[in-house]
Amino acid sequence: MKKPMKIFLGVLGVAALIGVCFACLAIYAKNEINKPQFEMPEDITEEAMTALPTSAEEAFDYVSALFNSCMSADDIELSRHCSVKLGGSETAAPFNEADSRAFARVLETAQGAVGGLYEAYENVPVPQLKEIPSLSFGKSDIIGFTAEKGTTDENGETVDDGYYYITLTAKPEAVDTKAMLESDIRAEVEKELEPVLSVSSVDIAPESITAKFKIRYADNSLEWAEIKQKVTLKTAVDFTEDYKALSAETAKLEIPFEKTESLDLFRYGLRFTQRQLVVQTGKTVSLPLDVRVNSETTKENYKLSFAVSEDGILDISADGIVNAVGSKETPVTVTATLEYDEHTYADKLIVYATELEVKTDEPQN
C-alpha cells in the first residue's frame with residue numbers, strides 16, 4: 001500500500017474514533033441531564049415560631065421577656081462593649097478661636113478615655129456578673145418601634161432573614177440623667193480634663209434612647225442587643241493657664257454625648273443550622289449542627305448523642321457524621337441531644353434518604 005493511502009486511512013481512523021468518543025460523551029451527558037434528581041420539599045413550618053410583633057406594646061413585651069430571661073439564665077455567657085462619641089460643641093457664650101482649637105483637642109483626647117471608663121468584658125457567665133444589664137425603660141416609655149424579618153445590606157438586599165430585628169424608641173426622659181451626674185464617670189471625666197480645663201457646672205439634657213435586638217425567631221433566641229443613649233452635656237468650663245488664650249470669661253458649652261452599649265449573648269446548647277437535609281444512599285455528610293459549650297470544655301465534660309426515628313436508614317457517628325445506608329420515600333427525624341453543665345438540650349432535623357441524584361449546586365433549606 002502506498003504511503004499516501006496509509007496516511008489517509010490513518011487520519012480517517014482517528015476521525016472515526018473521535019466521532020465515537022463524541023457520540024459516547026453526548027449519550028452520557030444526555031443520561032446525566034435526564035437522570036431523576038431529588039427535589040427538596042418546601043421548608044418545614046415550625047409550630048414554635050413566634051409571629052413578628054405588630055404594635056409597640058407587643059414588641060416591648062416580646063423583647064423584654066427574652067432580655068430579662070437571658071439576664072437570669074445560668075447557661076448564657078455575656079460579652080459587653082461600650083463606645084462613647086463626643087460631638088462638636090456649640091457655645092452659648094462666644095469665646096475665641098484659640099480656645100476653640102484647644103477644646104477640640106480636649107474632646108478628641110477625652111473621647112477614648114471616657115469610653116474606657118465603662119466596664120467591658122468577654123464571655124462572662126451571667127451568674128458571675130457584678131452588675132446585671134437592664135433595659136432602663138418601661139412599656140409606658142415607648143414612643144416608637146420597628147420590627148423586620150432580616151436586615152438590609154449596603155446593596156439593599158435582605159440578609160439574615162432567619163432573624164427578627166426589633167428596635168424600640170423610648171422617651172428621652174427615660175435616660176437616667178441623675179444617675180449620670182452622680183456616677184463616678186463624671187468625676188473621672190473631670191479628672192481627665194483637669195490638665196486643660198476645670199468644670200464649674202454640668203447639666204445633662206436627654207435627647208433619645210433606643211434599643212435594638214437580634215432574635216432567632218425559630219426558637220426565640222436573643223442573640224444580641226444594643227442600647228444607645230444620646231444626651232447633650234451643658235457645661236461651664238475655665239481653661240487652665242497653659243491653654244488659656246484671650247478669653248477671660250467662663251465658656252459655656254453644649255456637647256453632644258452618645259453612649260452605645262452592645263451585649264452579645266453566647267448560649268450553651270445545640271441547634272441544627274438548617275431544618276431539612278437530604279442524603280443520597282451510600283453517601284456520607286456532616287450534620288448541620290452547632291454545638292455550644294464553654295471554650296475550655298473538653299469532650300469528657302459533655303455528652304452528645306443522636307437518635308433516628310426509624311432504624312436501618314441512617315448511620316450516625318458520635319461526631320455527627322451521617323451515612324445513608326437505606327432509602328425511604330418519606331423523611332425520618334434525627335434528634336440530637338446534648339448533656340452539659342447539668343442541662344439537657346435537644347433539637348430535631350428532618351432528613352430525606354434517597355437513591356435519586358442529589359443536587360449539590362443549590363443550598364438546602
# chains A, B, ... in the order shown; residues from 1 in each chain; ligands from 1
$ residues_around --residues "Leu289 in chain A" --least-positions-apart "6" --cutoff "6 Å" --atoms "only C-alpha atoms" --output "tab-separated table (two decimals) with N, CA, C and O atoms, in the first residue's frame"
chain	number	residue	atom	x	y	z
A	271	ARG	N	-28.08	23.35	68.24
A	271	ARG	CA	-29.20	23.56	67.33
A	271	ARG	C	-28.74	23.23	65.92
A	271	ARG	O	-27.57	23.40	65.56
A	272	PHE	N	-29.67	22.73	65.13
A	272	PHE	CA	-29.39	22.49	63.72
A	272	PHE	C	-29.47	23.83	62.98
A	272	PHE	O	-30.40	24.61	63.19
A	273	THR	N	-28.51	24.08	62.13
A	273	THR	CA	-28.46	25.35	61.42
A	273	THR	C	-29.35	25.37	60.19
A	273	THR	O	-29.48	26.41	59.53
$ residues_around --residues "Lys214 in chain A" --least-positions-apart "4" --cutoff "8 Å" --atoms "only C-alpha atoms" --output "short mmCIF file (atom, residue, chain, number, x, y, z; two decimals) with C-alpha atoms, in the first residue's frame"
data_model
loop_
_atom_site.label_atom_id
_atom_site.label_comp_id
_atom_site.auth_asym_id
_atom_site.auth_seq_id
_atom_site.Cartn_x
_atom_site.Cartn_y
_atom_site.Cartn_z
CA TYR A 163 -33.73 36.62 62.46
CA TYR A 164 -36.04 39.34 63.66
CA TYR A 165 -34.54 42.82 64.08
CA ILE A 166 -36.64 44.85 66.51
CA LEU A 222 -31.93 36.53 71.71
CA GLU A 223 -28.52 36.82 70.05
CA TRP A 224 -27.58 40.45 70.51
CA ALA A 225 -28.82 43.74 71.95
#
$ select_by_dssp --residues "range 201-362 of chain A" --states "strand (DSSP E)" --output "PyMOL selection string"
chain A and resi 201-216+221-239+251-267+269-272+276-280+284-286+289-292+302-308+314-316+321-324+332-340+343-354+357-358
$ closest_atom_pairs --of "range 96-189 of chain A" --to "range 48-69 of chain A" --cutoff "10 Å" --atoms "only C-alpha atoms" --output "Markdown table"
| residue | atom | partner | partner_atom | distance |
| --- | --- | --- | --- | --- |
| A:Ile132 | CA | A:Asn68 | CA | 9.8 |
| A:Pro133 | CA | A:Asn68 | CA | 9.2 |
| A:Ser134 | CA | A:Asn68 | CA | 7.9 |
| A:Leu135 | CA | A:Ser64 | CA | 7.8 |
| A:Phe137 | CA | A:Ser64 | CA | 10.0 |
| A:Gly138 | CA | A:Phe60 | CA | 8.2 |
| A:Lys139 | CA | A:Phe60 | CA | 6.3 |
| A:Ser140 | CA | A:Glu57 | CA | 8.6 |
| A:Ile142 | CA | A:Ala56 | CA | 6.9 |
| A:Ile143 | CA | A:Ala56 | CA | 7.7 |
| A:Gly144 | CA | A:Ala56 | CA | 6.4 |
| A:Phe145 | CA | A:Ala56 | CA | 5.6 |
| A:Thr146 | CA | A:Ala56 | CA | 8.2 |
| A:Ala147 | CA | A:Pro53 | CA | 6.6 |
| A:Glu148 | CA | A:Leu52 | CA | 7.4 |
| A:Lys149 | CA | A:Leu52 | CA | 7.6 |
| A:Tyr164 | CA | A:Leu52 | CA | 7.4 |
| A:Tyr165 | CA | A:Leu52 | CA | 9.6 |
| A:Ile166 | CA | A:Ala59 | CA | 7.5 |
| A:Thr167 | CA | A:Ala59 | CA | 8.6 |
| A:Leu168 | CA | A:Phe60 | CA | 7.3 |
| A:Thr169 | CA | A:Ala56 | CA | 9.2 |
$ residues_around --residues "Phe38 in chain A" --least-positions-apart "6" --cutoff "10 Å" --atoms "only C-alpha atoms" --output "mmCIF file with C-alpha atoms, in the first residue's frame"
data_model
loop_
_atom_site.group_PDB
_atom_site.id
_atom_site.type_symbol
_atom_site.label_atom_id
_atom_site.label_comp_id
_atom_site.auth_asym_id
_atom_site.auth_seq_id
_atom_site.Cartn_x
_atom_site.Cartn_y
_atom_site.Cartn_z
ATOM 1 C CA VAL A 278 -31.144 15.224 52.008
ATOM 2 C CA VAL A 279 -28.555 12.414 51.783
ATOM 3 C CA GLN A 280 -28.073 10.093 48.815
ATOM 4 C CA TYR A 352 -34.536 12.550 53.426
ATOM 5 C CA ALA A 353 -32.572 9.420 52.454
ATOM 6 C CA THR A 354 -32.946 8.794 48.723
ATOM 7 C CA GLU A 355 -31.451 6.782 45.874
ATOM 8 C CA LEU A 356 -32.076 9.663 43.472
ATOM 9 C CA GLU A 357 -29.361 12.036 42.356
ATOM 10 C CA VAL A 358 -28.981 14.847 44.887
ATOM 11 C CA LYS A 359 -28.459 18.389 43.658
#
$ atom_distance --atom1 "CA of Gln111 in chain A" --atom2 "CA of Leu233 in chain A"
13.5 Å
$ closest_residue --among "A:Leu86, A:Ala336, A:Ile316, A:Ala205" --to "Lys303 in chain A" --atoms "only C-alpha atoms"
A:Ala336
$ select_by_dssp --residues "range 132-359 of chain A" --states "helix (DSSP H, G or I)" --output "number ranges by chain"
A: 139-141, 172-174, 177-182, 184-193, 299-301
$ closest_residue --among "A:Pro206, A:Cys70, A:Asp75, A:Ser305" --to "Arg292 in chain A" --atoms "only C-alpha atoms"
A:Asp75
$ residues_around --residues "Thr235 in chain A" --least-positions-apart "4" --cutoff "7 Å" --atoms "only C-alpha atoms" --output "JSON, numbers by chain"
{"A": [199, 201, 202, 203, 252, 253, 254]}
$ write_last_selection --atoms "all heavy atoms" --output "tab-separated table (two decimals), in the first residue's frame"
chain	number	residue	atom	x	y	z
A	199	VAL	N	-14.14	72.16	85.26
A	199	VAL	CA	-15.59	72.21	85.02
A	199	VAL	C	-16.24	72.84	86.24
A	199	VAL	O	-16.15	72.31	87.35
A	199	VAL	CB	-16.15	70.80	84.78
A	199	VAL	CG1	-17.66	70.87	84.54
A	199	VAL	CG2	-15.44	70.16	83.58
A	201	SER	N	-19.67	73.71	86.24
A	201	SER	CA	-21.05	73.20	86.35
A	201	SER	C	-21.34	72.28	85.18
A	201	SER	O	-20.79	72.44	84.09
A	201	SER	CB	-22.06	74.34	86.40
A	201	SER	OG	-22.09	75.02	85.16
A	202	VAL	N	-22.23	71.30	85.41
A	202	VAL	CA	-22.64	70.36	84.37
A	202	VAL	C	-24.13	70.12	84.49
A	202	VAL	O	-24.65	69.88	85.58
A	202	VAL	CB	-21.90	69.01	84.48
A	202	VAL	CG1	-22.41	68.04	83.41
A	202	VAL	CG2	-20.41	69.19	84.34
A	203	ASP	N	-24.81	70.17	83.37
A	203	ASP	CA	-26.21	69.78	83.30
A	203	ASP	C	-26.35	68.84	82.11
A	203	ASP	O	-25.58	68.92	81.15
A	203	ASP	CB	-27.11	71.01	83.13
A	203	ASP	CG	-28.59	70.63	83.29
A	203	ASP	OD1	-28.86	69.58	83.91
A	203	ASP	OD2	-29.45	71.39	82.80
A	252	LYS	N	-19.33	78.66	78.11
A	252	LYS	CA	-20.50	77.80	78.28
A	252	LYS	C	-20.64	76.95	77.03
A	252	LYS	O	-20.79	77.49	75.93
A	252	LYS	CB	-21.75	78.64	78.52
A	252	LYS	CG	-21.70	79.45	79.81
A	252	LYS	CD	-22.95	80.28	79.98
A	252	LYS	CE	-22.87	81.11	81.27
A	252	LYS	NZ	-24.08	81.95	81.45
A	253	LEU	N	-20.58	75.64	77.20
A	253	LEU	CA	-20.53	74.73	76.06
A	253	LEU	C	-21.68	73.74	76.08
A	253	LEU	O	-22.15	73.34	77.14
A	253	LEU	CB	-19.21	73.96	76.07
A	253	LEU	CG	-17.93	74.80	76.17
A	253	LEU	CD1	-16.74	73.89	76.36
A	253	LEU	CD2	-17.77	75.64	74.92
A	254	GLU	N	-22.10	73.33	74.88
A	254	GLU	CA	-23.09	72.27	74.71
A	254	GLU	C	-22.44	71.17	73.86
A	254	GLU	O	-22.09	71.41	72.70
A	254	GLU	CB	-24.36	72.79	74.06
A	254	GLU	CG	-25.11	73.79	74.95
A	254	GLU	CD	-26.46	74.19	74.37
A	254	GLU	OE1	-26.79	73.69	73.27
A	254	GLU	OE2	-27.17	74.98	75.01
$ closest_residue --among "A:Ser208, A:Gln128, A:Thr298, A:Ser317" --to "Glu77 in chain A" --atoms "only C-alpha atoms"
A:Gln128
$ atom_distance --atom1 "CA of Leu263 in chain A" --atom2 "CA of Asn123 in chain A"
10.3 Å
$ closest_residue --among "A:Leu129, A:Leu117, A:Ala318, A:Leu197" --to "Ser286 in chain A" --atoms "only C-alpha atoms"
A:Ala318
$ closest_residue --among "A:Thr250, A:Thr240, A:Glu329, A:Ala346" --to "Val291 in chain A" --atoms "only C-alpha atoms"
A:Ala346
